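The block underneath contains the structure these notes are about, expressed in structure tokens.
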Amino acid sequence: MIRRLGVFAVSFWLSGAALFAFQAGTPNPSDTTGFEPVTSLPPGQQIPAAPYLLWAYGLIWIGVFFYAWSIWKRLGKVEQEMRALEKRRK
Amino acid sequence: MKKAFLPIAIVAAAMFAYAPIAIDNAPYQSTMLLIQKIFYFHVPSWVALTCALTVCGVASAIYLFKGSPEADRYAVAGAELTALFGLFGLASGMLWARKAWGIWWEWDARLTMAFMLELIFVGYLLVRKFGGPGAEKLAAGMGIFGAATAPFIYKSVDWWRTIHPKTSVVRTLDSPDNSPPMFHVLVFCMVAFVLLFLVLLSLRVRLEQQRAALDRLYLEEED
């Protein structure tokens with residue numbers, strides 16, 4: 001009984017999801033008429049480019065410095081351990 | 001590589017310091033305007049990733065078939081740099097997409113495959129860290145197959161319909177109308193990224209070599 005209910009629930013969910021996807025994919029005629037290129041929008045409605053550009057360069061610079069620092073730190077830790085080991089052996 | 005490290009590091013630092021000036025002087029692309037300038041760090045990130053991927057794939061194959069420990073050190077360094085440059089490429093691409101396409105992400109062939117590549121190499125690093133004994137050989141297999149995906153990712157924009165620009169877009173930059181041509185700035189940034197890759201690879205391999213030396217010291221102490 002529980003298995004049948006499970007099969008029914010999954011079938012219901014899948015058919016509902018398919019129906020939802022079909023509806024979501026059907027274009028509304030009002031969406032396609034009156035198309036306006038982004039460049040002709042008023043400045044207030046356009047996405048500004050500069051913040052994205054600065055974020056992209058900033059992220060890469062920070063990433064490079066962070067990675068170089070992480071190698072430096074890991075290398076320092078290993079070399080410190082080597083020196084301690086050699087000291088102990090002497 | 002040891003002797004060349006310092007000159008390469010100095011040249012790379014100088015090129016990265018000059019890069020913002022070169023990018024600022026590059027002309028605007030006619031349709032995308034300012035946001036197109038992400039291109040000068042986005043494409044070189046993928047070029048550096050290709051170098052890292054090649055090192056990882058070749059070194060993994062050498063390790064798997066010849067058992068060379070030095071090759072394994074290059075493989076793990078290459079894998080870590082693949083994950084790093086992949087992250088740069090994905091992040092800069094998303095920022096570009098938000099402005100150029102109006103969305104952060106699209107599950108099309110190029111973007112999905114690039115994301116999968118990133119996941120393969122994050123998986124590689126997780127296997128190396130938590131896989132226990134024998135993880136090196138398993139990771140080497142992942143490295144080879146990860147590297148084998150590169151040509152498919154590169155050609156994906158030509159083979160399938162995708163919103164990502166095609167590979168031919170780079171050739172269109174080399175126009176005599178541009179002064180200085182965008183292509184020159186792109187090549188400059190590509191060289192800077194490849195030099196950065198060499199510097200980071202050298203440092204990362206050095207870390208693996210020191211770890212191996214430390215392991216040897218511990219083994220000698222046990223004996």
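Going by the structure tokens order, chains are called A, B, ..., each with residues numbered from 1, while ligands are numbered from 1 in the order shown.
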
Practice problem: Up to 7 Å from chain A, what residues of chain B turn up? Count only C-alpha atoms and give them as a PyMOL selection string. | Solution: chain B and resi 34-35+38+88+92+95-96+99+204+207+210-211+214

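Distances from B:Ile144, B:Ala114, B:Ala13, B:Val122 to Phe65 in chain B were compared using only C-alpha atoms, and the smallest one belongs to B:Ile144.
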
Exercise. Counting only C-alpha atoms, figure out which residue out of B:Leu84, B:Leu196, B:Leu53, B:Leu203 gets nearest to Gly146 in chain B.
Key: B:Leu53

Practice problem: Would you mind listing what lies within 9 Å of range 136-138 of chain B as a ChimeraX atom specification, with only C-alpha atoms counted and same-chain residues fewer than 5 positions away left out? | Solution: /B:60,63-64,72,76,124,127-128,131,143

Using C-alpha atoms, can you export the residues from the last selection as an mmCIF file, in the first residue's frame?
data_model
loop_
_atom_site.group_PDB
_atom_site.id
_atom_site.type_symbol
_atom_site.label_atom_id
_atom_site.label_comp_id
_atom_site.auth_asym_id
_atom_site.auth_seq_id
_atom_site.Cartn_x
_atom_site.Cartn_y
_atom_site.Cartn_z
ATOM 1 C CA SER B 60 50.056 11.946 -14.240
ATOM 2 C CA TYR B 63 53.717 8.772 -12.844
ATOM 3 C CA LEU B 64 51.166 6.088 -13.670
ATOM 4 C CA ASP B 72 53.713 13.036 -9.219
ATOM 5 C CA VAL B 76 49.612 17.622 -7.951
ATOM 6 C CA TYR B 124 41.441 15.269 -7.616
ATOM 7 C CA VAL B 127 41.304 12.354 -3.356
ATOM 8 C CA ARG B 128 44.927 13.404 -2.747
ATOM 9 C CA GLY B 131 42.233 9.111 -0.231
ATOM 10 C CA GLY B 143 44.340 13.867 -13.922
#

Quiz item: At what distance in Å, to one decimal, does CA of Phe115 in chain B lie from CA of Ala75 in chain B?
Solution: 20.4 Å

Exercise. Would you please give, as a PyMOL selection string, all residues of range 77-128 of chain B that DSSP assigns to helix (DSSP H, G or I) based on the backbone?
Key: chain B and resi 77-100+109-128

Quiz item: Separation of CA of Glu70 in chain B and CA of Gly57 in chain B, in Å?
Solution: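 A separation of 13.9 Å between them.
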